[in-house]
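K.L.:
One structure follows; several queries about it will come next.
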Amino acid sequence: MSTGLTGKVAVVTGSTRGIGRGIAVALAREGAKVVINGLDDEIEAASAYREVTESGGMALLYPGDITDERFVQGLVDETEQELGPIDIWVNNAGGGKNIPFLDLDDERWHSTIDLNLHSAFRCIRRVIPGMLERGFGRIINIASQLGVKGGYEQAHYATAKAGLIGLTRSLALEFAGSGVTINAIAPGRIQTEKTPGTARVSQAWLERKLREIPMGRFGKVEEVSATAVLIASTPGGDFYTGQTFHPNGGEVMP
Ligand SMILES: NC(=O)c1ccc[n+]([C@@H]2O[C@H](COP(=O)([O-])OP(=O)(O)OC[C@H]3O[C@@H](n4cnc5c(N)ncnc54)[C@H](OP(=O)(O)O)[C@@H]3O)[C@@H](O)[C@H]2O)c1
């Protein structure tokens with residue numbers, strides 16, 4: 001079935017590696033023109049650019065800090081100038097280190113909320129008017145299962161991701177019927193370069209974590225990017241809005 005993504009313009013924040021990169025590559029394979037963004041890892045950025053263009057897609061590399069509103073303005077302007085109006089925006093850049101609640105200071109609380117939640121709010125505010133004018137748009141917010149079930153020593157991160165799900169649902173209501181859909185993906189533990197491997201954690205820890213996942217394994221990046229392609233697609237994705245998708249091997253069943 002056609003995904004209707006040929007020629008669509010997609011921006012994926014935090015797409016030089018991990019899940020974001022997988023989504024960028026998957027959208028490019030479907031014929032989308034993709035903007036790759038990451039913070040400061042130039043080697044990964046160049047490698048992501050190569051992978052996306054080799055997937056048959058047209059790509060633009062625009063590195064910089066997505067929490068900086070002026071940077072977002074430049075990213076949007078340059079994308080529209082080089083590739084055309086933005087059809088798909090994926091708020092993927094995010095993350096958060098484990099910090100026990102009693103050690104959580106204002107700086108680490110705010111920076112985590114800023115990266116995982118405020119930046120999505122600011123990006124959506126900037127791109128959604130054009131989508132509404134054109135009667136088509138796909139906003140995809142990458143949340144986390146911790147935003148649904150909470151996370152041990154992850155109050156800051158889980159709060160931000162829960163907020164992202166709330167933002168998704170609220171915007172879906174406000175813009176329903178406009179042609180612009182807003183959905184979230186709340187992955188479980190996905191195997192990426194940064195997923196704790198045996199080098200950094202004990203075998204016992206790894207085995208315990210795997211036992212928490214009914215399927216008994218971490219997820220693959222492709223299992224998240226396939227969900228993003230479905231949501232972005234048209235007509236296949238047209239009737240989903242305000243939804244949170246849960247690729248998590250059964251770990252959380254909301
Ligand atoms: N992996 C999982 O198991 C998992 C599970 C649930 C949810 N998630 C969510 O899925 C998303 C991707 O996770 P991941 O594990 O794939 O992440 P990752 O491997 O750590 O990659 C993060 C990406 O975001 C970029 N980035 C970080 N801060 C940025 C900023 N301020 N501005 C622009 N780009 C920035 C990084 O660029 P640099 O490399 O240059 O810093 C990198 O490209 C995150 O929102 C995460 O919370 C992940």
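Letters A, B, ... mark the chains of the structure tokens in the order given; residue numbers begin at 1 per chain; ligand numbers begin at 1, in order shown.
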Pick out the residues no farther than 7 Å from ligand 1, counting only C-alpha atoms and all ligand atoms, and list them as a PDB file with C-alpha atoms, in the first residue's frame.

P.N.:
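Result file follows (out-v5.pdb):
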```
ATOM      1  CA  THR A  13      14.697  16.519  15.640  1.00  0.00           C
ATOM      2  CA  GLY A  14      17.562  14.585  17.232  1.00  0.00           C
ATOM      3  CA  SER A  15      17.955  12.371  14.186  1.00  0.00           C
ATOM      4  CA  THR A  16      21.714  11.905  13.940  1.00  0.00           C
ATOM      5  CA  ARG A  17      21.458   8.624  15.838  1.00  0.00           C
ATOM      6  CA  GLY A  18      19.124   6.260  17.668  1.00  0.00           C
ATOM      7  CA  ILE A  19      15.365   6.307  17.177  1.00  0.00           C
ATOM      8  CA  GLY A  20      15.309   9.677  15.405  1.00  0.00           C
ATOM      9  CA  ASN A  37      19.099  17.527  13.194  1.00  0.00           C
ATOM     10  CA  GLY A  38      21.351  16.715  16.141  1.00  0.00           C
ATOM     11  CA  LEU A  39      23.090  18.712  18.821  1.00  0.00           C
ATOM     12  CA  ASP A  40      26.832  18.562  18.210  1.00  0.00           C
ATOM     13  CA  ASP A  41      28.108  15.144  17.129  1.00  0.00           C
ATOM     14  CA  GLU A  42      29.455  15.959  13.657  1.00  0.00           C
ATOM     15  CA  GLU A  44      27.208  10.882  13.560  1.00  0.00           C
ATOM     16  CA  PRO A  63      22.527  20.661  13.425  1.00  0.00           C
ATOM     17  CA  GLY A  64      21.915  22.780  16.501  1.00  0.00           C
ATOM     18  CA  ASP A  65      20.114  23.065  19.804  1.00  0.00           C
ATOM     19  CA  ILE A  66      16.381  22.449  19.499  1.00  0.00           C
ATOM     20  CA  THR A  67      15.776  24.090  22.888  1.00  0.00           C
ATOM     21  CA  ASN A  92      12.230  13.215  18.892  1.00  0.00           C
ATOM     22  CA  ALA A  93      15.217  14.935  20.560  1.00  0.00           C
ATOM     23  CA  GLY A  94      15.066  14.043  24.218  1.00  0.00           C
ATOM     24  CA  GLY A  95      16.406  11.972  27.040  1.00  0.00           C
ATOM     25  CA  GLY A  96      17.167  12.187  30.710  1.00  0.00           C
ATOM     26  CA  LEU A 115      14.453  19.411  26.101  1.00  0.00           C
ATOM     27  CA  ASN A 116      11.629  16.858  26.289  1.00  0.00           C
ATOM     28  CA  ILE A 142       8.278  10.811  20.837  1.00  0.00           C
ATOM     29  CA  ALA A 143       7.293  10.270  24.462  1.00  0.00           C
ATOM     30  CA  SER A 144       8.229   7.226  26.566  1.00  0.00           C
ATOM     31  CA  GLN A 145       6.520   4.437  28.447  1.00  0.00           C
ATOM     32  CA  ALA A 186       5.722   6.042  23.828  1.00  0.00           C
ATOM     33  CA  PRO A 187       8.443   3.436  23.268  1.00  0.00           C
ATOM     34  CA  GLY A 188       9.536   0.910  25.821  1.00  0.00           C
ATOM     35  CA  ARG A 189      13.229  -0.002  26.069  1.00  0.00           C
ATOM     36  CA  ILE A 190      14.677   0.312  22.601  1.00  0.00           C
ATOM     37  CA  GLN A 191      18.120  -0.965  21.703  1.00  0.00           C
ATOM     38  CA  THR A 192      20.218   1.999  20.563  1.00  0.00           C
ATOM     39  CA  GLU A 193      23.907   2.781  20.757  1.00  0.00           C
ATOM     40  CA  LYS A 194      23.252   4.427  24.130  1.00  0.00           C
ATOM     41  CA  THR A 195      21.142   1.664  25.660  1.00  0.00           C
TER      42      THR A 195
END
```

K.L.:
Excluding A:Ile165 and its own-chain neighbours fewer than 4 positions away, which residues fall within 12 Å of it when counting only C-alpha atoms? Please give them as an mmCIF file with N, CA, C and O atoms, in the first residue's frame.

P.N.:
```
data_model
loop_
_atom_site.group_PDB
_atom_site.id
_atom_site.type_symbol
_atom_site.label_atom_id
_atom_site.label_comp_id
_atom_site.auth_asym_id
_atom_site.auth_seq_id
_atom_site.Cartn_x
_atom_site.Cartn_y
_atom_site.Cartn_z
ATOM 1 N N ASN A 91 9.005 15.464 16.885
ATOM 2 C CA ASN A 91 9.713 15.922 18.091
ATOM 3 C C ASN A 91 10.326 14.697 18.754
ATOM 4 O O ASN A 91 9.669 14.012 19.548
ATOM 5 N N ASN A 116 12.628 17.879 26.641
ATOM 6 C CA ASN A 116 11.629 16.858 26.289
ATOM 7 C C ASN A 116 10.221 17.401 26.073
ATOM 8 O O ASN A 116 9.417 16.747 25.427
ATOM 9 N N LEU A 117 9.937 18.577 26.635
ATOM 10 C CA LEU A 117 8.555 19.081 26.549
ATOM 11 C C LEU A 117 8.473 20.495 25.964
ATOM 12 O O LEU A 117 7.793 20.715 24.969
ATOM 13 N N ALA A 120 9.209 20.821 22.260
ATOM 14 C CA ALA A 120 8.121 20.338 21.386
ATOM 15 C C ALA A 120 7.040 21.409 21.272
ATOM 16 O O ALA A 120 6.545 21.690 20.177
ATOM 17 N N PHE A 121 6.684 22.001 22.404
ATOM 18 C CA PHE A 121 5.673 23.079 22.400
ATOM 19 C C PHE A 121 6.103 24.203 21.450
ATOM 20 O O PHE A 121 5.350 24.656 20.593
ATOM 21 N N ILE A 140 4.406 14.347 15.222
ATOM 22 C CA ILE A 140 4.635 13.092 15.957
ATOM 23 C C ILE A 140 5.567 13.396 17.131
ATOM 24 O O ILE A 140 6.686 13.879 16.931
ATOM 25 N N ASN A 141 5.076 13.145 18.333
ATOM 26 C CA ASN A 141 5.867 13.416 19.539
ATOM 27 C C ASN A 141 6.401 12.105 20.101
ATOM 28 O O ASN A 141 5.621 11.189 20.379
ATOM 29 N N ILE A 142 7.709 12.039 20.284
ATOM 30 C CA ILE A 142 8.278 10.811 20.837
ATOM 31 C C ILE A 142 8.318 10.949 22.360
ATOM 32 O O ILE A 142 9.143 11.677 22.918
ATOM 33 N N ALA A 143 7.388 10.259 22.996
ATOM 34 C CA ALA A 143 7.293 10.270 24.462
ATOM 35 C C ALA A 143 8.092 9.087 25.003
ATOM 36 O O ALA A 143 9.179 8.764 24.495
ATOM 37 N N SER A 144 7.569 8.396 25.992
ATOM 38 C CA SER A 144 8.229 7.226 26.566
ATOM 39 C C SER A 144 7.206 6.475 27.412
ATOM 40 O O SER A 144 6.284 7.089 27.962
ATOM 41 N N GLN A 145 7.421 5.181 27.556
ATOM 42 C CA GLN A 145 6.520 4.437 28.447
ATOM 43 C C GLN A 145 6.613 4.964 29.887
ATOM 44 O O GLN A 145 5.684 4.815 30.674
ATOM 45 N N LEU A 146 7.744 5.624 30.218
ATOM 46 C CA LEU A 146 7.865 6.163 31.577
ATOM 47 C C LEU A 146 6.904 7.324 31.814
ATOM 48 O O LEU A 146 6.550 7.625 32.951
ATOM 49 N N GLY A 147 6.470 7.958 30.735
ATOM 50 C CA GLY A 147 5.458 9.010 30.845
ATOM 51 C C GLY A 147 4.096 8.432 31.197
ATOM 52 O O GLY A 147 3.187 9.165 31.567
ATOM 53 N N VAL A 148 3.966 7.120 31.063
ATOM 54 C CA VAL A 148 2.699 6.453 31.385
ATOM 55 C C VAL A 148 2.806 5.769 32.749
ATOM 56 O O VAL A 148 1.926 5.882 33.592
ATOM 57 N N ALA A 158 10.063 11.450 33.378
ATOM 58 C CA ALA A 158 8.715 10.883 33.264
ATOM 59 C C ALA A 158 7.662 11.985 33.266
ATOM 60 O O ALA A 158 6.667 11.910 32.540
ATOM 61 N N THR A 159 7.907 13.040 34.051
ATOM 62 C CA THR A 159 6.973 14.168 34.086
ATOM 63 C C THR A 159 6.929 14.862 32.726
ATOM 64 O O THR A 159 5.862 15.198 32.203
ATOM 65 N N ALA A 160 8.107 15.067 32.139
ATOM 66 C CA ALA A 160 8.164 15.720 30.817
ATOM 67 C C ALA A 160 7.446 14.885 29.764
ATOM 68 O O ALA A 160 6.683 15.404 28.944
ATOM 69 N N LYS A 161 7.660 13.568 29.800
ATOM 70 C CA LYS A 161 7.045 12.710 28.778
ATOM 71 C C LYS A 161 5.536 12.597 28.990
ATOM 72 O O LYS A 161 4.774 12.526 28.027
ATOM 73 N N ARG A 169 -2.677 15.082 23.216
ATOM 74 C CA ARG A 169 -4.137 14.890 23.267
ATOM 75 C C ARG A 169 -4.859 16.227 23.143
ATOM 76 O O ARG A 169 -5.874 16.335 22.446
ATOM 77 N N SER A 170 -4.345 17.246 23.821
ATOM 78 C CA SER A 170 -5.023 18.546 23.809
ATOM 79 C C SER A 170 -5.001 19.167 22.413
ATOM 80 O O SER A 170 -6.016 19.688 21.935
ATOM 81 N N LEU A 171 -3.844 19.099 21.750
ATOM 82 C CA LEU A 171 -3.762 19.683 20.399
ATOM 83 C C LEU A 171 -4.605 18.894 19.418
ATOM 84 O O LEU A 171 -5.195 19.457 18.490
ATOM 85 N N ALA A 172 -4.668 17.574 19.618
ATOM 86 C CA ALA A 172 -5.492 16.746 18.731
ATOM 87 C C ALA A 172 -6.947 17.217 18.791
ATOM 88 O O ALA A 172 -7.627 17.300 17.763
ATOM 89 N N ILE A 182 -2.054 15.015 15.378
ATOM 90 C CA ILE A 182 -1.001 15.090 16.402
ATOM 91 C C ILE A 182 -1.070 13.788 17.200
ATOM 92 O O ILE A 182 -2.081 13.492 17.823
ATOM 93 N N ASN A 183 0.005 13.023 17.146
ATOM 94 C CA ASN A 183 0.054 11.731 17.832
ATOM 95 C C ASN A 183 1.378 11.577 18.564
ATOM 96 O O ASN A 183 2.341 12.307 18.290
ATOM 97 N N ALA A 184 1.410 10.626 19.461
ATOM 98 C CA ALA A 184 2.644 10.354 20.204
ATOM 99 C C ALA A 184 3.020 8.880 20.075
ATOM 100 O O ALA A 184 2.153 8.027 19.842
ATOM 101 N N ILE A 185 4.300 8.623 20.214
ATOM 102 C CA ILE A 185 4.778 7.244 20.337
ATOM 103 C C ILE A 185 5.488 7.174 21.692
ATOM 104 O O ILE A 185 6.316 8.036 22.002
ATOM 105 N N ALA A 186 5.124 6.184 22.489
ATOM 106 C CA ALA A 186 5.722 6.042 23.828
ATOM 107 C C ALA A 186 6.495 4.723 23.877
ATOM 108 O O ALA A 186 5.984 3.722 24.393
ATOM 109 N N THR A 241 -5.609 10.521 15.530
ATOM 110 C CA THR A 241 -5.131 11.757 16.151
ATOM 111 C C THR A 241 -5.339 11.669 17.657
ATOM 112 O O THR A 241 -6.280 11.026 18.129
ATOM 113 N N GLY A 242 -4.413 12.265 18.394
ATOM 114 C CA GLY A 242 -4.486 12.240 19.859
ATOM 115 C C GLY A 242 -4.104 10.899 20.459
ATOM 116 O O GLY A 242 -4.256 10.683 21.657
ATOM 117 N N GLN A 243 -3.583 10.012 19.615
ATOM 118 C CA GLN A 243 -3.268 8.662 20.091
ATOM 119 C C GLN A 243 -1.831 8.580 20.597
ATOM 120 O O GLN A 243 -0.953 9.304 20.136
ATOM 121 N N THR A 244 -1.627 7.662 21.512
ATOM 122 C CA THR A 244 -0.267 7.332 21.934
ATOM 123 C C THR A 244 -0.038 5.872 21.580
ATOM 124 O O THR A 244 -0.791 4.996 22.014
ATOM 125 N N PHE A 245 0.961 5.636 20.763
ATOM 126 C CA PHE A 245 1.292 4.278 20.315
ATOM 127 C C PHE A 245 2.354 3.710 21.252
ATOM 128 O O PHE A 245 3.246 4.433 21.697
ATOM 129 N N HIS A 246 2.272 2.401 21.505
ATOM 130 C CA HIS A 246 3.103 1.811 22.562
ATOM 131 C C HIS A 246 3.968 0.644 22.074
ATOM 132 O O HIS A 246 3.693 -0.513 22.435
#
```

K.L.:
If you run DSSP on the backbone here, which positions in stretch 9-137 of chain A get helix (DSSP H, G or I)? Please write them as a PyMOL selection string.

P.N.:
chain A and resi 18-29+42-54+69-82+101-103+106-134

K.L.:
Could you list, as a PDB file with N, CA and C atoms, in the first residue's frame, every residue within 12 Å of A:Ala10, counting only C-alpha atoms and ignoring same-chain residues fewer than 5 positions away?

P.N.:
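part_1.pdb, written as the output of this step:
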```pdb
ATOM      1  N   LEU A   5       3.916   9.264   1.004  1.00  0.00           N
ATOM      2  CA  LEU A   5       4.955  10.137   1.583  1.00  0.00           C
ATOM      3  C   LEU A   5       5.927  10.708   0.538  1.00  0.00           C
ATOM      4  N   SER A  15      17.990  13.528  15.098  1.00  0.00           N
ATOM      5  CA  SER A  15      17.955  12.371  14.186  1.00  0.00           C
ATOM      6  C   SER A  15      19.335  11.939  13.683  1.00  0.00           C
ATOM      7  N   GLY A  20      15.549   8.592  16.364  1.00  0.00           N
ATOM      8  CA  GLY A  20      15.309   9.677  15.405  1.00  0.00           C
ATOM      9  C   GLY A  20      15.931   9.368  14.049  1.00  0.00           C
ATOM     10  N   ILE A  23      13.850   6.889  12.248  1.00  0.00           N
ATOM     11  CA  ILE A  23      12.640   7.497  11.669  1.00  0.00           C
ATOM     12  C   ILE A  23      12.998   8.282  10.404  1.00  0.00           C
ATOM     13  N   ALA A  24      14.102   9.026  10.462  1.00  0.00           N
ATOM     14  CA  ALA A  24      14.526   9.801   9.280  1.00  0.00           C
ATOM     15  C   ALA A  24      14.771   8.873   8.091  1.00  0.00           C
ATOM     16  N   VAL A  25      15.455   7.782   8.342  1.00  0.00           N
ATOM     17  CA  VAL A  25      15.765   6.832   7.256  1.00  0.00           C
ATOM     18  C   VAL A  25      14.475   6.206   6.721  1.00  0.00           C
ATOM     19  N   ALA A  26      13.588   5.821   7.626  1.00  0.00           N
ATOM     20  CA  ALA A  26      12.337   5.164   7.195  1.00  0.00           C
ATOM     21  C   ALA A  26      11.485   6.121   6.358  1.00  0.00           C
ATOM     22  N   LEU A  27      11.416   7.384   6.757  1.00  0.00           N
ATOM     23  CA  LEU A  27      10.635   8.353   5.982  1.00  0.00           C
ATOM     24  C   LEU A  27      11.280   8.581   4.616  1.00  0.00           C
ATOM     25  N   ALA A  28      12.620   8.639   4.602  1.00  0.00           N
ATOM     26  CA  ALA A  28      13.330   8.823   3.326  1.00  0.00           C
ATOM     27  C   ALA A  28      13.074   7.646   2.393  1.00  0.00           C
ATOM     28  N   GLU A  30      10.491   6.044   2.108  1.00  0.00           N
ATOM     29  CA  GLU A  30       9.137   6.205   1.541  1.00  0.00           C
ATOM     30  C   GLU A  30       9.067   7.399   0.595  1.00  0.00           C
ATOM     31  N   GLY A  31      10.229   8.048   0.358  1.00  0.00           N
ATOM     32  CA  GLY A  31      10.261   9.129  -0.629  1.00  0.00           C
ATOM     33  C   GLY A  31      10.178  10.525  -0.056  1.00  0.00           C
ATOM     34  N   ALA A  32      10.201  10.637   1.288  1.00  0.00           N
ATOM     35  CA  ALA A  32      10.124  11.973   1.888  1.00  0.00           C
ATOM     36  C   ALA A  32      11.474  12.683   1.785  1.00  0.00           C
ATOM     37  N   LYS A  33      11.412  14.026   1.796  1.00  0.00           N
ATOM     38  CA  LYS A  33      12.623  14.853   1.880  1.00  0.00           C
ATOM     39  C   LYS A  33      12.806  15.154   3.369  1.00  0.00           C
ATOM     40  N   VAL A  34      13.971  14.808   3.881  1.00  0.00           N
ATOM     41  CA  VAL A  34      14.113  14.782   5.343  1.00  0.00           C
ATOM     42  C   VAL A  34      15.199  15.739   5.849  1.00  0.00           C
ATOM     43  N   VAL A  35      14.852  16.478   6.883  1.00  0.00           N
ATOM     44  CA  VAL A  35      15.851  17.319   7.552  1.00  0.00           C
ATOM     45  C   VAL A  35      16.364  16.579   8.778  1.00  0.00           C
ATOM     46  N   ILE A  36      17.694  16.455   8.830  1.00  0.00           N
ATOM     47  CA  ILE A  36      18.344  15.757   9.942  1.00  0.00           C
ATOM     48  C   ILE A  36      18.893  16.805  10.901  1.00  0.00           C
ATOM     49  N   ASN A  37      18.611  16.592  12.174  1.00  0.00           N
ATOM     50  CA  ASN A  37      19.099  17.527  13.194  1.00  0.00           C
ATOM     51  C   ASN A  37      19.703  16.743  14.353  1.00  0.00           C
ATOM     52  N   GLY A  57      16.438   9.205  -0.295  1.00  0.00           N
ATOM     53  CA  GLY A  57      15.782  10.466   0.050  1.00  0.00           C
ATOM     54  C   GLY A  57      16.677  11.664  -0.202  1.00  0.00           C
ATOM     55  N   MET A  58      16.029  12.821  -0.279  1.00  0.00           N
ATOM     56  CA  MET A  58      16.754  14.076  -0.359  1.00  0.00           C
ATOM     57  C   MET A  58      16.878  14.537   1.091  1.00  0.00           C
ATOM     58  N   ALA A  59      18.061  14.997   1.489  1.00  0.00           N
ATOM     59  CA  ALA A  59      18.228  15.348   2.898  1.00  0.00           C
ATOM     60  C   ALA A  59      18.872  16.715   3.056  1.00  0.00           C
ATOM     61  N   LEU A  60      18.587  17.308   4.179  1.00  0.00           N
ATOM     62  CA  LEU A  60      19.239  18.552   4.566  1.00  0.00           C
ATOM     63  C   LEU A  60      19.734  18.334   5.987  1.00  0.00           C
ATOM     64  N   LEU A  75      15.841  26.850  11.523  1.00  0.00           N
ATOM     65  CA  LEU A  75      15.613  25.496  10.993  1.00  0.00           C
ATOM     66  C   LEU A  75      14.363  25.470  10.109  1.00  0.00           C
ATOM     67  N   VAL A  76      13.316  26.102  10.577  1.00  0.00           N
ATOM     68  CA  VAL A  76      12.063  26.133   9.804  1.00  0.00           C
ATOM     69  C   VAL A  76      12.263  26.951   8.522  1.00  0.00           C
ATOM     70  N   THR A  79      14.529  25.115   6.029  1.00  0.00           N
ATOM     71  CA  THR A  79      13.842  23.941   5.461  1.00  0.00           C
ATOM     72  C   THR A  79      12.881  24.382   4.371  1.00  0.00           C
ATOM     73  N   GLU A  80      12.092  25.416   4.677  1.00  0.00           N
ATOM     74  CA  GLU A  80      11.075  25.848   3.705  1.00  0.00           C
ATOM     75  C   GLU A  80      11.728  26.429   2.455  1.00  0.00           C
ATOM     76  N   LEU A  83      13.616  23.003   0.847  1.00  0.00           N
ATOM     77  CA  LEU A  83      12.845  21.800   0.502  1.00  0.00           C
ATOM     78  C   LEU A  83      11.362  22.060   0.263  1.00  0.00           C
ATOM     79  N   GLY A  84      10.854  23.179   0.785  1.00  0.00           N
ATOM     80  CA  GLY A  84       9.415  23.479   0.639  1.00  0.00           C
ATOM     81  C   GLY A  84       8.716  23.424   1.983  1.00  0.00           C
ATOM     82  N   PRO A  85       7.399  23.677   1.970  1.00  0.00           N
ATOM     83  CA  PRO A  85       6.630  23.710   3.223  1.00  0.00           C
ATOM     84  C   PRO A  85       6.730  22.400   3.998  1.00  0.00           C
ATOM     85  N   ILE A  86       6.711  22.513   5.306  1.00  0.00           N
ATOM     86  CA  ILE A  86       6.908  21.328   6.165  1.00  0.00           C
ATOM     87  C   ILE A  86       5.584  20.581   6.353  1.00  0.00           C
ATOM     88  N   ASP A  87       5.599  19.288   6.017  1.00  0.00           N
ATOM     89  CA  ASP A  87       4.403  18.441   6.149  1.00  0.00           C
ATOM     90  C   ASP A  87       4.420  17.623   7.437  1.00  0.00           C
ATOM     91  N   ILE A  88       5.624  17.210   7.842  1.00  0.00           N
ATOM     92  CA  ILE A  88       5.743  16.269   8.968  1.00  0.00           C
ATOM     93  C   ILE A  88       6.794  16.810   9.932  1.00  0.00           C
ATOM     94  N   TRP A  89       6.452  16.859  11.201  1.00  0.00           N
ATOM     95  CA  TRP A  89       7.435  17.313  12.205  1.00  0.00           C
ATOM     96  C   TRP A  89       7.485  16.265  13.309  1.00  0.00           C
ATOM     97  N   VAL A  90       8.672  15.714  13.544  1.00  0.00           N
ATOM     98  CA  VAL A  90       8.812  14.696  14.588  1.00  0.00           C
ATOM     99  C   VAL A  90       9.646  15.275  15.733  1.00  0.00           C
ATOM    100  N   ASN A  91       9.005  15.464  16.885  1.00  0.00           N
ATOM    101  CA  ASN A  91       9.713  15.922  18.091  1.00  0.00           C
ATOM    102  C   ASN A  91      10.326  14.697  18.754  1.00  0.00           C
ATOM    103  N   VAL A 127       5.418  25.577  13.630  1.00  0.00           N
ATOM    104  CA  VAL A 127       5.109  24.939  12.333  1.00  0.00           C
ATOM    105  C   VAL A 127       3.627  24.706  12.069  1.00  0.00           C
ATOM    106  N   GLY A 137      -0.971  18.088   7.783  1.00  0.00           N
ATOM    107  CA  GLY A 137       0.219  18.092   8.644  1.00  0.00           C
ATOM    108  C   GLY A 137       0.216  16.881   9.551  1.00  0.00           C
ATOM    109  N   ARG A 138       1.420  16.477   9.924  1.00  0.00           N
ATOM    110  CA  ARG A 138       1.588  15.359  10.852  1.00  0.00           C
ATOM    111  C   ARG A 138       2.594  15.784  11.909  1.00  0.00           C
ATOM    112  N   ILE A 139       2.132  15.840  13.159  1.00  0.00           N
ATOM    113  CA  ILE A 139       3.052  16.097  14.270  1.00  0.00           C
ATOM    114  C   ILE A 139       3.185  14.779  15.025  1.00  0.00           C
ATOM    115  N   ILE A 140       4.406  14.347  15.222  1.00  0.00           N
ATOM    116  CA  ILE A 140       4.635  13.092  15.957  1.00  0.00           C
ATOM    117  C   ILE A 140       5.567  13.396  17.131  1.00  0.00           C
ATOM    118  N   ALA A 228       6.068   5.313  13.198  1.00  0.00           N
ATOM    119  CA  ALA A 228       6.099   6.711  12.744  1.00  0.00           C
ATOM    120  C   ALA A 228       5.657   6.806  11.283  1.00  0.00           C
ATOM    121  N   VAL A 229       6.083   5.852  10.465  1.00  0.00           N
ATOM    122  CA  VAL A 229       5.684   5.866   9.046  1.00  0.00           C
ATOM    123  C   VAL A 229       4.171   5.701   8.936  1.00  0.00           C
ATOM    124  N   ALA A 232       2.502   8.949   9.884  1.00  0.00           N
ATOM    125  CA  ALA A 232       2.755  10.016   8.910  1.00  0.00           C
ATOM    126  C   ALA A 232       2.029   9.767   7.593  1.00  0.00           C
ATOM    127  N   SER A 233       1.710   8.510   7.328  1.00  0.00           N
ATOM    128  CA  SER A 233       1.222   8.146   6.000  1.00  0.00           C
ATOM    129  C   SER A 233      -0.170   8.716   5.720  1.00  0.00           C
TER     130      SER A 233
END
```

K.L.:
When you count only C-alpha atoms, which of these residues is closest to A:Arg125: A:Ala155, A:Leu167, A:Ala45, A:Ile113?

P.N.:
A:Leu167

K.L.:
For A:Phe101, please output as a PyMOL selection string all residues within 8 Å (counting only C-alpha atoms; exclusion window: fewer than 3 positions along the same chain).

P.N.:
chain A and resi 104+153-155

K.L.:
Pick from A:Gly22, A:Pro235, A:Gly163, A:Gly74: nearest to A:Tyr49, with only C-alpha atoms counted?

P.N.:
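Ranking A:Gly22, A:Pro235, A:Gly163, A:Gly74 by distance to A:Tyr49, first place goes to A:Gly22.
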